[in-house]
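Following: one structure in structure tokens, then a few remarks.
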Amino acid sequence: MICKNLAVNNNGHLTFAGRDVTELAQKYGTPLMLLDEDRIREKCTIYREAMKKYFTEDSMPLYASKALSFKYIYKIASSENIGIDCVSAGEIFTAAQAGFPLEKAYFHGNSKTDDEIEFAINHGVGHFVCDSVEEVSAVNEIAGNLGKKQKVLLRITPGIDPHTHKKISTGSVDSKFGVAIETNQAYELVEGVLKLENIELTGFHCHIGSQIFECDPFCDAAKIMIKFIADVKKLFGYEASQLNLGGGMAVRYTEDDPEIDYDANIKVISEIVKSLCNEYSVKLPQILMEPGRSIVADAGMTLYTAGYLKEITGLKNYISIDGGMTDNPRYTLYQSPYTVLLANRMNEPSDYKCTIAGRCCESGDIIQEDVLMPKPQRHDIIAVLTTGAYNYSMASHYNKVPKPAIVMLKNGCDFVAVKRETYESMTANELDIY
Ligand SMILES: *Cc1c(COP(=O)(O)O)cnc(C)c1O
């Protein structure tokens with residue numbers, strides 16, 4: 001199995017976090033998103049402890065909450081004593097509702113509106129990560145109007161190609177995110193920002209992409225950023241006290257993916273950071289990292305009920321399910337690999353090849369192509385593994401399909417954290433106009 005929270009019980013049923021998922025599907029209905037809270041906390045602990053151990057005492061992970069954002073997950077982040085990365089006022093609002101201490105929030109995004117900037121400053125968001133010259137001046141102006149001084153990191157484009165899917169690669173010079181070192185614009189930006197009255201520059205940020213298996217791209221980015229900090233110190237006499245290295249560490253979606261040792265990766269990156277700080281005579285900054293996927297992905301599983309089998313003689317087989325791109329658009333977007341299992345018949349031979357077809361009116365609505373499993377029948381339970389990140393948070397109402405419930409698994413207990421949507425809740429904003 002690809003993750004240690006998976007097993008098979010005596011009934012030949014798949015278990016997740018020690019629980020029979022076929023029984024959970026019966027209890028809560030499908031499509032259903034299960035989340036293994038103990039696994040989320042384990043990942044938070046790995047990052048938190050490794051960063052403290054290998055960098056400075058105050059270094060910490062920020063959970064990149066766009067991966068999966070709902071109130072209870074901010075409660076977990078808060079009790080794990082880590083920060084968060086938010087990308088909209090909606091995420092900040094949700095975290096605030098959960099009582100998350102927003103001084104530990106970092107507000108990201110390349111297109112923050114005036115209203116969002118004001119909202120974030122008023123809610124006491126600790127840091128903004130600014131993406132452009134114009135954005136910093138907007139934050140400066142709005143902070144001034146509110147009589148506040150805002151802490152800001154600048155997002156720098158290090159010019160790195162991390163060998164991942166183009167749509168999730170963000171560190172190259174032509175990216176829509178950040179300000180490039182290569183073009184000198186990053187230096188010009190720092191020089192300008194240091195003169196702004198209502199901005200306190202605390203350091204720099206970079207994020208090179210997502211689902212990155214190798215450690216090298218992170219090390220390369222760290223090298224470029226430390227050199228940048230040193231150059232800025234030389235040019236303007238300003239020494240950064242924070243360096244945010246972004247997110248992007250990969251998770252295992254299939255048996256073909258290698259295992260990842262997050263602690264070991266952080267150690268390798270730390271050695272490079274520390275030796276370069278030494279070499280350039282800059283103080284070791286507080287280091288931040290922004291794991292999203294690697295915190296929640298393998299803590300998640302989606303359960304579907306099998307619908308109809310369509311066998312196209314000599315060509316292809318499809319099994320339809322009661323969900324699809326509305327709860328998981330990732331195959332449609334990026335042809336993402338997933339492990340798919342027939343949860344209620346785990347001990348039968350996987351000798352039947354079929355494609356898992358979503359229920360939407362799009363030929364591209366596929367969860368996975370040509371999966372080997374026992375020949376599925378109506379009402380079987382189909383489990384898609386590693387769906388904790390970028391599934392529910394990317395869900396839509398296409399075809400007016402309600403979003404699934406999120407059920408937490410913790411210490412052998414199960415409880416609903418997000419209710420299944422109803423037809424009424426889906427249409428609640430629609431006015432009756434005659
Ligand atoms: C998406 C994103 C992350 C999280 O990336 P993961 O691959 O999920 O770890 C972190 N920081 C920024 C700026 C991002 O855009």
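Ligands are numbered from 1 in the order shown, residues from 1 within each chain, and chains are lettered A, B, ... in the order they appear in the structure tokens.
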
Check your understanding: Which parts of stretch 104-340 of chain A does DSSP call strand (DSSP E) when run on the backbone here, written out as number ranges by chain?
Key -> A: 105-107, 127-130, 150-157, 179-180, 199-205, 242-244, 286-289, 300-312, 316-321, 340

Exercise for review: Write out as JSON, numbers by chain each polymer residue whose atoms come within 7 Å of A:Gln286, counting only C-alpha atoms; drop sequence neighbours fewer than 6 positions from it.
Suggested key: {"A": [56, 58, 59, 241, 242, 243]}

Check your understanding: Neighbours of ligand 1 within 7 Å, counting only C-alpha atoms and all ligand atoms, as number ranges by chain?
Key -> A: 64, 66-67, 108, 207, 209-211, 246-250, 290-294

Can I get the selected residues back with N, CA, C and O atoms, as a PDB file, in the first residue's frame?
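Writing done, so here's part08.pdb:
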```pdb
ATOM      1  N   ALA A  64      -0.229  25.599   3.698  1.00  0.00           N
ATOM      2  CA  ALA A  64      -0.768  26.293   2.525  1.00  0.00           C
ATOM      3  C   ALA A  64      -2.223  25.871   2.375  1.00  0.00           C
ATOM      4  O   ALA A  64      -2.538  24.841   1.786  1.00  0.00           O
ATOM      5  N   LYS A  66      -4.778  26.656   0.732  1.00  0.00           N
ATOM      6  CA  LYS A  66      -5.530  26.476  -0.517  1.00  0.00           C
ATOM      7  C   LYS A  66      -5.660  24.998  -0.854  1.00  0.00           C
ATOM      8  O   LYS A  66      -6.561  24.599  -1.585  1.00  0.00           O
ATOM      9  N   ALA A  67      -4.762  24.149  -0.316  1.00  0.00           N
ATOM     10  CA  ALA A  67      -4.823  22.710  -0.595  1.00  0.00           C
ATOM     11  C   ALA A  67      -6.134  22.110  -0.089  1.00  0.00           C
ATOM     12  O   ALA A  67      -6.706  21.212  -0.726  1.00  0.00           O
ATOM     13  N   HIS A 108      -1.096  35.619   0.672  1.00  0.00           N
ATOM     14  CA  HIS A 108      -0.507  35.469  -0.651  1.00  0.00           C
ATOM     15  C   HIS A 108      -1.446  35.904  -1.755  1.00  0.00           C
ATOM     16  O   HIS A 108      -2.592  36.223  -1.502  1.00  0.00           O
ATOM     17  N   HIS A 207       8.621  30.439  -4.321  1.00  0.00           N
ATOM     18  CA  HIS A 207       7.894  29.165  -4.394  1.00  0.00           C
ATOM     19  C   HIS A 207       8.077  28.663  -5.816  1.00  0.00           C
ATOM     20  O   HIS A 207       7.701  29.345  -6.764  1.00  0.00           O
ATOM     21  N   GLY A 209       7.144  25.596  -7.266  1.00  0.00           N
ATOM     22  CA  GLY A 209       6.159  24.734  -7.914  1.00  0.00           C
ATOM     23  C   GLY A 209       5.659  23.693  -6.948  1.00  0.00           C
ATOM     24  O   GLY A 209       5.879  23.804  -5.746  1.00  0.00           O
ATOM     25  N   SER A 210       4.985  22.679  -7.482  1.00  0.00           N
ATOM     26  CA  SER A 210       4.338  21.686  -6.627  1.00  0.00           C
ATOM     27  C   SER A 210       4.623  20.280  -7.119  1.00  0.00           C
ATOM     28  O   SER A 210       4.988  20.087  -8.286  1.00  0.00           O
ATOM     29  N   GLN A 211       4.445  19.296  -6.213  1.00  0.00           N
ATOM     30  CA  GLN A 211       4.662  17.875  -6.523  1.00  0.00           C
ATOM     31  C   GLN A 211       6.079  17.662  -7.083  1.00  0.00           C
ATOM     32  O   GLN A 211       6.291  17.061  -8.127  1.00  0.00           O
ATOM     33  N   GLY A 246       8.686  28.603   0.446  1.00  0.00           N
ATOM     34  CA  GLY A 246       7.524  28.105  -0.287  1.00  0.00           C
ATOM     35  C   GLY A 246       7.205  26.653   0.014  1.00  0.00           C
ATOM     36  O   GLY A 246       7.746  26.048   0.937  1.00  0.00           O
ATOM     37  N   GLY A 247       6.292  26.103  -0.793  1.00  0.00           N
ATOM     38  CA  GLY A 247       5.879  24.705  -0.598  1.00  0.00           C
ATOM     39  C   GLY A 247       6.391  23.854  -1.732  1.00  0.00           C
ATOM     40  O   GLY A 247       7.390  24.196  -2.358  1.00  0.00           O
ATOM     41  N   GLY A 248       5.714  22.750  -1.988  1.00  0.00           N
ATOM     42  CA  GLY A 248       6.003  21.998  -3.201  1.00  0.00           C
ATOM     43  C   GLY A 248       6.526  20.597  -3.038  1.00  0.00           C
ATOM     44  O   GLY A 248       6.709  19.898  -4.041  1.00  0.00           O
ATOM     45  N   MET A 249       6.801  20.157  -1.795  1.00  0.00           N
ATOM     46  CA  MET A 249       7.305  18.784  -1.689  1.00  0.00           C
ATOM     47  C   MET A 249       6.209  17.796  -2.074  1.00  0.00           C
ATOM     48  O   MET A 249       5.042  17.972  -1.756  1.00  0.00           O
ATOM     49  N   ALA A 250       6.643  16.736  -2.752  1.00  0.00           N
ATOM     50  CA  ALA A 250       5.703  15.810  -3.381  1.00  0.00           C
ATOM     51  C   ALA A 250       5.094  14.828  -2.380  1.00  0.00           C
ATOM     52  O   ALA A 250       5.534  14.717  -1.240  1.00  0.00           O
ATOM     53  N   GLU A 290       6.069  26.348   3.150  1.00  0.00           N
ATOM     54  CA  GLU A 290       4.621  26.364   2.987  1.00  0.00           C
ATOM     55  C   GLU A 290       4.082  25.068   2.400  1.00  0.00           C
ATOM     56  O   GLU A 290       3.560  25.058   1.283  1.00  0.00           O
ATOM     57  N   PRO A 291       4.178  23.966   3.134  1.00  0.00           N
ATOM     58  CA  PRO A 291       3.650  22.717   2.609  1.00  0.00           C
ATOM     59  C   PRO A 291       2.117  22.718   2.588  1.00  0.00           C
ATOM     60  O   PRO A 291       1.488  23.121   3.569  1.00  0.00           O
ATOM     61  N   GLY A 292       1.541  22.344   1.484  1.00  0.00           N
ATOM     62  CA  GLY A 292       0.087  22.192   1.389  1.00  0.00           C
ATOM     63  C   GLY A 292      -0.213  20.729   1.126  1.00  0.00           C
ATOM     64  O   GLY A 292      -0.648  19.976   1.991  1.00  0.00           O
ATOM     65  N   ARG A 293       0.118  20.319  -0.093  1.00  0.00           N
ATOM     66  CA  ARG A 293      -0.121  18.947  -0.529  1.00  0.00           C
ATOM     67  C   ARG A 293       0.454  17.913   0.455  1.00  0.00           C
ATOM     68  O   ARG A 293      -0.228  16.960   0.845  1.00  0.00           O
ATOM     69  N   SER A 294       1.704  18.124   0.859  1.00  0.00           N
ATOM     70  CA  SER A 294       2.346  17.092   1.676  1.00  0.00           C
ATOM     71  C   SER A 294       1.795  17.042   3.099  1.00  0.00           C
ATOM     72  O   SER A 294       2.064  16.103   3.833  1.00  0.00           O
TER      73      SER A 294
END
```

**Study point:** Selection near stretch 194-201 of chain A, 9 Å with only C-alpha atoms, sequence-local residues under 6 positions removed, as a count of residues only
**Key:** 20

Point to revise | Among the residues A:Thr30, A:Thr183, A:Asn317, A:Thr113, the one that comes closest to A:Val371 [using only C-alpha atoms] | key: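 Using only C-alpha atoms, A:Val371 sits closest to A:Asn317.
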
Point to revise | Close residues, A:Ile40 itself excluded, 9 Å, only C-alpha atoms, min 2 positions apart in chain, as a list in words | key: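 Residues meeting the cut-off are Leu35, Asp36, Glu37, Asp38, Glu42, Lys43, Cys44, Thr45, Ile76, Ile295, Val296, Ala297, Asp298 and Ala299 of chain A.
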
Practice item. Find the spatial neighbours of A:Ala264, counting only C-alpha atoms, within a cut-off of 12 Å - ignore same-chain residues fewer than 2 positions away - and output them as a list in words. Key: Ile46, Tyr47, Glu49, Ala50, Met51, Lys53, Tyr54, Glu214, Cys215, Glu259, Ile260, Asp261, Tyr262, Ile266, Lys267, Val268, Ile269, Ser270 and Glu271 of chain A

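With only C-alpha atoms as the basis for measurement, A:Phe16 is the residue among A:Tyr423, A:Val232, A:Phe16, A:Asn9 that approaches A:Val384 most closely.
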
**Study point:** Distance query A:Lys112 at most 9 Å, only C-alpha atoms, self and fewer than 2 positions along chain excluded, as a count of residues only
**Key:** 11

Practice item. Excluding stretch 354-364 of chain A and any residue of its chain fewer than 4 positions from it, enumerate the residues within 10 Å of it, using only C-alpha atoms, and give them as a ChimeraX atom specification. Key: /A:304,306-311,316-329,331-333,335,340,368-376,382,384,398-401

Check your understanding: In terms of the shortest atom-to-atom distance over only C-alpha atoms, which of A:Ala180, A:Leu34, A:Tyr338, A:Asp220 is closest to A:Thr15?
Key ->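 Closest candidate: A:Leu34.
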
Exercise for review: Apply DSSP to the structure's backbone, then extract all residues of stretch 29-213 of chain A labelled helix (DSSP H, G or I) and return them as number ranges by chain.
Suggested key: A: 37-54, 65-67, 71-79, 89-97, 102-104, 114-122, 133-145, 166-168, 185-193

Point to revise | Separation of atom CA of A:Tyr253 from atom CA of A:Thr386 in Å | key: 6.1 Å

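The closest residue to A:Asn278, picked from A:Asp380, A:Val8, A:Lys227, A:Thr387 and counting only C-alpha atoms, is A:Lys227.
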
Practice item. Name the closest residue to A:Lys4 among the candidates A:Ala230, A:Asn81, A:Lys71, A:Ala17; distances are taken between atoms, counting only C-alpha atoms. Key: A:Ala17

Point to revise | Among listed residues A:Phe100, A:Phe55, A:Pro337, A:Val193, nearest A:Ile73 (using only C-alpha atoms) | key: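 For A:Ile73, the nearest of the candidates is A:Phe100.
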
Point to revise | Distance of atom CA of A:Leu102 from atom CA of A:Gly192, expressed in Å to one decimal place | key: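 These two atoms are separated by 27.3 Å.
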